[in-house]
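What follows is a short report on a single structure.
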Amino acid sequence: MKLLDEILTHNEQFVENKQYEKYQKGKFPNKKLVIISCMDTRLVELLPKAMNVGNGDAKIVKTAGAIVSHPFGSIMRSILIAVHELGAEEVCVVGHYDCGMASLEADGTLQKVKERGIGQEVIDTLNYSGVDLEKFLRGFNNVEESVKESVATVSNHPLMPNEVPVHGLVIDPETGKLSEIINGYK
C-alpha cells in the first residue's frame with residue numbers, strides 16, 4: 001500500500017469514528033500567539049508541549065530553519081494575516097539546535113537537485129532570470145543569529161504594528177529546553 005492510500009484509509013476511520021471532535025476549536029488562537037518554527041519532525045509534538053501550547057492556542061507556521069527570509073514572502077504574509085485577521089497579539093520565532101539548515105550550502109542541495117533529474121539548463125535559466133539560488137538555498141551558521149535576523153525581519157516590517165512583541169527563542173530538540181534570544185517586551 002502506498003503512503004497516500006494509507007493516509008486515506010486511516011482518514012475514513014478517523015471521520016467515521018468521529019475522532020475529529022476532540023480537535024474542534026475556533027480559528028482564532030486562544031493565546032493570541034503566532035509561532036514560527038522549523039519543520040523538523042522532532043518538534044511536531046515537542047515544541048507545543050514545551051511552550052504549553054495546546055490545540056487551538058496558537059497559529060504555528062512551519063518553515064525550514066524557522067527562517068523568515070523575505071519580508072514579502074509567504075511566511076511573512078502568514079504572520080501578518082495571523083496578527084491582522086486572526087487575533088494574534090504576539091509573535092514568537094523558535095529556532096532549534098542541531099538544525100538541518102545549519103551550515104547548509106547551496107552547492108550540495110543543487111547537486112541533489114541534479115541527481116533527481118533537474119537539468120543544468122533549468123538551474124541556468126533560474127540564475128539568468130535573477131533568482132539567486134546561492135542565497136535561496138543557503139542555511140545559516142549560527143542559530144541564535146538566524147533567530148535574531150528573523151525577529152528583525154518580522155518586527156521591522158512596515159505592516160507589523162509596533163505594539164506587537166516579537167520574541168526569539170531556541171529550543172533543544174532533545175530536551176525541549178527553551179533559551180531566550182530576544183524578549184519582545186523589552
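Residues in the C-alpha cells are named by chain (A, B, ... in the order shown) and by number from 1 within that chain; ligands are numbered from 1 in the order shown.
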Problem set entry | 6 Å contact set for stretch 72-89 of chain A, only C-alpha atoms, chain neighbours under 5 positions out, as a PyMOL selection string | chain A and resi 28+32-33+164
Selection to disk with all heavy atoms, as a PDB file, in the first residue's frame:
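again04.pdb, freshly written:
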ATOM      1  N   PHE A  28      -9.557  31.323  15.767  1.00  0.00           N
ATOM      2  CA  PHE A  28      -8.776  32.365  16.417  1.00  0.00           C
ATOM      3  C   PHE A  28      -7.948  31.746  17.550  1.00  0.00           C
ATOM      4  O   PHE A  28      -8.474  30.979  18.356  1.00  0.00           O
ATOM      5  CB  PHE A  28      -9.690  33.468  16.958  1.00  0.00           C
ATOM      6  CG  PHE A  28     -10.481  34.136  15.868  1.00  0.00           C
ATOM      7  CD1 PHE A  28     -11.800  33.783  15.626  1.00  0.00           C
ATOM      8  CD2 PHE A  28      -9.884  35.097  15.061  1.00  0.00           C
ATOM      9  CE1 PHE A  28     -12.518  34.382  14.610  1.00  0.00           C
ATOM     10  CE2 PHE A  28     -10.602  35.703  14.041  1.00  0.00           C
ATOM     11  CZ  PHE A  28     -11.921  35.342  13.806  1.00  0.00           C
ATOM     12  N   LYS A  32      -3.594  34.032  21.564  1.00  0.00           N
ATOM     13  CA  LYS A  32      -3.299  35.202  20.722  1.00  0.00           C
ATOM     14  C   LYS A  32      -1.822  35.234  20.303  1.00  0.00           C
ATOM     15  O   LYS A  32      -1.166  36.270  20.353  1.00  0.00           O
ATOM     16  CB  LYS A  32      -3.710  36.488  21.425  1.00  0.00           C
ATOM     17  CG  LYS A  32      -5.193  36.509  21.755  1.00  0.00           C
ATOM     18  CD  LYS A  32      -5.626  37.812  22.343  1.00  0.00           C
ATOM     19  CE  LYS A  32      -7.067  37.855  22.734  1.00  0.00           C
ATOM     20  NZ  LYS A  32      -8.048  37.408  21.816  1.00  0.00           N
ATOM     21  N   LEU A  33      -1.333  34.066  19.895  1.00  0.00           N
ATOM     22  CA  LEU A  33       0.080  33.889  19.580  1.00  0.00           C
ATOM     23  C   LEU A  33       0.250  33.253  18.209  1.00  0.00           C
ATOM     24  O   LEU A  33      -0.514  32.369  17.831  1.00  0.00           O
ATOM     25  CB  LEU A  33       0.708  32.971  20.653  1.00  0.00           C
ATOM     26  CG  LEU A  33       2.163  32.567  20.490  1.00  0.00           C
ATOM     27  CD1 LEU A  33       3.089  33.775  20.616  1.00  0.00           C
ATOM     28  CD2 LEU A  33       2.517  31.511  21.538  1.00  0.00           C
ATOM     29  N   VAL A 164       3.056  44.990  18.766  1.00  0.00           N
ATOM     30  CA  VAL A 164       3.114  43.521  18.754  1.00  0.00           C
ATOM     31  C   VAL A 164       4.529  43.074  19.116  1.00  0.00           C
ATOM     32  O   VAL A 164       5.475  43.307  18.362  1.00  0.00           O
ATOM     33  CB  VAL A 164       2.711  42.955  17.375  1.00  0.00           C
ATOM     34  CG1 VAL A 164       2.930  41.445  17.316  1.00  0.00           C
ATOM     35  CG2 VAL A 164       1.263  43.310  17.056  1.00  0.00           C
TER      36      VAL A 164
END
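The list of residues with at least one atom within 10 Å of A:Thr109, based on only C-alpha atoms and without residues fewer than 3 positions apart in the same chain, reads Leu104, Glu105, Ala106, Lys112, Val113, Lys114, Glu115, Leu133, Glu134, Leu137 and Arg138 of chain A.
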So that I have them on file, write out the residues from the current selection with C-alpha atoms, as a PDB file, in the first residue's frame.
ATOM      1  CA  LEU A 104      23.637  24.177   4.656  1.00  0.00           C
ATOM      2  CA  GLU A 105      25.377  25.133   1.430  1.00  0.00           C
ATOM      3  CA  ALA A 106      23.532  25.654  -1.842  1.00  0.00           C
ATOM      4  CA  LYS A 112      20.975  16.675  -5.162  1.00  0.00           C
ATOM      5  CA  VAL A 113      18.551  18.595  -7.381  1.00  0.00           C
ATOM      6  CA  LYS A 114      20.531  17.465 -10.423  1.00  0.00           C
ATOM      7  CA  GLU A 115      20.668  13.873  -9.161  1.00  0.00           C
ATOM      8  CA  LEU A 133      19.973  30.163  -5.877  1.00  0.00           C
ATOM      9  CA  GLU A 134      23.032  30.506  -3.626  1.00  0.00           C
ATOM     10  CA  LEU A 137      19.173  27.572  -0.755  1.00  0.00           C
ATOM     11  CA  ARG A 138      21.712  28.691   1.851  1.00  0.00           C
TER      12      ARG A 138
END
For this session: Write out as a PyMOL selection string each polymer residue whose atoms come within 12 Å of A:Gly56, counting only C-alpha atoms; drop sequence neighbours fewer than 2 positions from it.
Result: chain A and resi 22-34+48+52-54+58-60+86+88
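With distances taken over only C-alpha atoms, A:Pro71 is the one residue among A:His10, A:Pro71, A:Ile35, A:Glu16 lying closest to A:Pro158.
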Let's see if you can do this: from backbone DSSP, list all strand (DSSP E) residues in stretch 2-183 of chain A, as a PDB file with C-alpha atoms, in the first residue's frame.
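Once written, selection_12.pdb looks like this:
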ATOM      1  CA  LEU A  33       0.080  33.889  19.580  1.00  0.00           C
ATOM      2  CA  VAL A  34       1.677  33.072  16.255  1.00  0.00           C
ATOM      3  CA  ILE A  35       4.733  30.808  16.340  1.00  0.00           C
ATOM      4  CA  ILE A  36       7.247  30.495  13.513  1.00  0.00           C
ATOM      5  CA  SER A  37       9.001  27.170  13.916  1.00  0.00           C
ATOM      6  CA  CYS A  38      11.239  24.846  11.977  1.00  0.00           C
ATOM      7  CA  ALA A  58      -1.643  29.401  18.599  1.00  0.00           C
ATOM      8  CA  LYS A  59      -1.099  29.723  14.890  1.00  0.00           C
ATOM      9  CA  ILE A  60       2.002  27.679  14.074  1.00  0.00           C
ATOM     10  CA  VAL A  61       3.847  28.394  10.840  1.00  0.00           C
ATOM     11  CA  LYS A  62       6.466  25.807   9.864  1.00  0.00           C
ATOM     12  CA  THR A  63       9.402  26.590   7.601  1.00  0.00           C
ATOM     13  CA  GLU A  90       2.404  38.277  19.907  1.00  0.00           C
ATOM     14  CA  VAL A  91       4.888  36.576  17.609  1.00  0.00           C
ATOM     15  CA  CYS A  92       7.477  34.008  18.608  1.00  0.00           C
ATOM     16  CA  VAL A  93      10.265  32.829  16.282  1.00  0.00           C
ATOM     17  CA  VAL A  94      11.603  29.483  17.543  1.00  0.00           C
ATOM     18  CA  GLY A  95      14.761  28.045  16.021  1.00  0.00           C
ATOM     19  CA  HIS A  96      16.410  24.895  17.310  1.00  0.00           C
ATOM     20  CA  VAL A 166       8.236  39.673  18.568  1.00  0.00           C
ATOM     21  CA  HIS A 167      10.201  37.165  20.624  1.00  0.00           C
ATOM     22  CA  GLY A 168      13.089  34.921  19.627  1.00  0.00           C
ATOM     23  CA  LEU A 169      13.740  31.540  21.220  1.00  0.00           C
ATOM     24  CA  VAL A 170      15.848  28.459  20.528  1.00  0.00           C
ATOM     25  CA  ILE A 171      14.662  25.020  21.608  1.00  0.00           C
ATOM     26  CA  LEU A 178      13.850  26.910  25.564  1.00  0.00           C
ATOM     27  CA  SER A 179      16.560  29.591  25.515  1.00  0.00           C
ATOM     28  CA  GLU A 180      15.523  33.226  25.264  1.00  0.00           C
ATOM     29  CA  ILE A 181      17.356  35.059  22.480  1.00  0.00           C
ATOM     30  CA  ILE A 182      15.116  38.126  22.174  1.00  0.00           C
TER      31      ILE A 182
END
For this session: May I ask for the distance between atom CA of A:Phe140 and atom CA of A:Ser103, given in Å to one decimal place?
Result: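 So the two atoms, atom CA of A:Phe140 and atom CA of A:Ser103, lie 5.3 Å apart.
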For this session: List every residue of stretch 13-73 of chain A that DSSP, applied to the backbone of this structure, places in alpha helix (DSSP H), and write the result as a PyMOL selection string.
Result: chain A and resi 13-16+43-50
Output all heavy atoms of each residue in that selection to a file, as a short mmCIF file (atom, residue, chain, number, x, y, z; two decimals), in the first residue's frame.
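Output file result27.cif is given in full below:
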data_model
loop_
_atom_site.label_atom_id
_atom_site.label_comp_id
_atom_site.auth_asym_id
_atom_site.auth_seq_id
_atom_site.Cartn_x
_atom_site.Cartn_y
_atom_site.Cartn_z
N GLN A 13 -11.59 5.98 8.66
CA GLN A 13 -11.89 5.51 10.00
C GLN A 13 -11.93 6.68 11.00
O GLN A 13 -12.79 6.71 11.89
CB GLN A 13 -10.84 4.48 10.45
CG GLN A 13 -10.92 3.19 9.68
CD GLN A 13 -12.26 2.49 9.87
OE1 GLN A 13 -12.72 2.31 10.98
NE2 GLN A 13 -12.91 2.13 8.77
N PHE A 14 -11.02 7.62 10.83
CA PHE A 14 -10.95 8.80 11.70
C PHE A 14 -12.27 9.56 11.66
O PHE A 14 -12.84 9.91 12.70
CB PHE A 14 -9.79 9.68 11.23
CG PHE A 14 -9.59 10.93 12.02
CD1 PHE A 14 -8.85 10.92 13.19
CD2 PHE A 14 -10.13 12.14 11.59
CE1 PHE A 14 -8.65 12.08 13.93
CE2 PHE A 14 -9.94 13.31 12.32
CZ PHE A 14 -9.20 13.27 13.49
N VAL A 15 -12.78 9.79 10.46
CA VAL A 15 -14.03 10.53 10.31
C VAL A 15 -15.22 9.69 10.77
O VAL A 15 -16.09 10.16 11.49
CB VAL A 15 -14.21 11.01 8.85
CG1 VAL A 15 -15.58 11.63 8.64
CG2 VAL A 15 -13.11 11.99 8.48
N GLU A 16 -15.24 8.42 10.35
CA GLU A 16 -16.35 7.54 10.71
C GLU A 16 -16.49 7.41 12.23
O GLU A 16 -17.61 7.40 12.77
CB GLU A 16 -16.11 6.15 10.09
CG GLU A 16 -17.26 5.18 10.29
CD GLU A 16 -17.01 3.86 9.58
OE1 GLU A 16 -16.75 3.89 8.36
OE2 GLU A 16 -17.06 2.82 10.28
N LEU A 43 10.10 18.38 16.36
CA LEU A 43 9.40 19.47 17.03
C LEU A 43 7.88 19.40 16.92
O LEU A 43 7.17 20.18 17.57
CB LEU A 43 9.86 20.81 16.46
CG LEU A 43 11.36 21.10 16.54
CD1 LEU A 43 11.66 22.47 15.96
CD2 LEU A 43 11.88 20.98 17.95
N VAL A 44 7.36 18.47 16.13
CA VAL A 44 5.92 18.41 15.88
C VAL A 44 5.12 18.37 17.18
O VAL A 44 4.19 19.15 17.36
CB VAL A 44 5.57 17.22 14.97
CG1 VAL A 44 4.06 17.02 14.87
CG2 VAL A 44 6.17 17.42 13.57
N GLU A 45 5.47 17.50 18.09
CA GLU A 45 4.76 17.42 19.37
C GLU A 45 5.54 18.09 20.50
O GLU A 45 4.95 18.63 21.42
CB GLU A 45 4.47 15.97 19.73
CG GLU A 45 3.47 15.32 18.79
CD GLU A 45 3.06 13.93 19.22
OE1 GLU A 45 2.80 13.74 20.42
OE2 GLU A 45 3.00 13.04 18.35
N LEU A 46 6.88 18.04 20.41
CA LEU A 46 7.73 18.59 21.48
C LEU A 46 7.55 20.09 21.67
O LEU A 46 7.39 20.57 22.79
CB LEU A 46 9.20 18.26 21.20
CG LEU A 46 10.21 18.82 22.20
CD1 LEU A 46 10.03 18.14 23.56
CD2 LEU A 46 11.63 18.62 21.69
N LEU A 47 7.59 20.86 20.58
CA LEU A 47 7.52 22.32 20.70
C LEU A 47 6.24 22.79 21.38
O LEU A 47 6.30 23.56 22.35
CB LEU A 47 7.69 22.98 19.33
CG LEU A 47 7.61 24.51 19.35
CD1 LEU A 47 8.83 25.10 20.04
CD2 LEU A 47 7.47 25.04 17.95
N PRO A 48 5.06 22.35 20.94
CA PRO A 48 3.85 22.81 21.64
C PRO A 48 3.83 22.42 23.13
O PRO A 48 3.43 23.21 23.97
CB PRO A 48 2.71 22.13 20.88
CG PRO A 48 3.27 21.85 19.53
CD PRO A 48 4.73 21.56 19.75
N LYS A 49 4.29 21.21 23.44
CA LYS A 49 4.32 20.78 24.84
C LYS A 49 5.30 21.63 25.64
O LYS A 49 5.00 22.04 26.76
CB LYS A 49 4.70 19.30 24.96
CG LYS A 49 3.70 18.37 24.34
CD LYS A 49 2.42 18.32 25.12
CE LYS A 49 1.51 17.25 24.54
NZ LYS A 49 0.14 17.42 24.88
N ALA A 50 6.47 21.90 25.07
CA ALA A 50 7.49 22.69 25.76
C ALA A 50 7.03 24.13 25.98
O ALA A 50 7.47 24.79 26.93
CB ALA A 50 8.80 22.67 24.97
#
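Atom CA of A:Gln111 is found 16.1 Å from atom CA of A:Thr125.
A straight line drawn from atom CA of A:Leu8 to atom CA of A:Ala64 is 26.6 Å long.
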Exercise. Looking at A:Glu6, A:Glu121, A:Asp98, A:Asp57, which one is nearest to A:Asn141, with distances taken over only C-alpha atoms?
Worked result: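 Closest candidate: A:Asp98.
If you measure from each of A:Tyr128, A:Thr153, A:Asp172, A:Lys135 to A:Leu110 using only C-alpha atoms, the closest one turns out to be A:Lys135.
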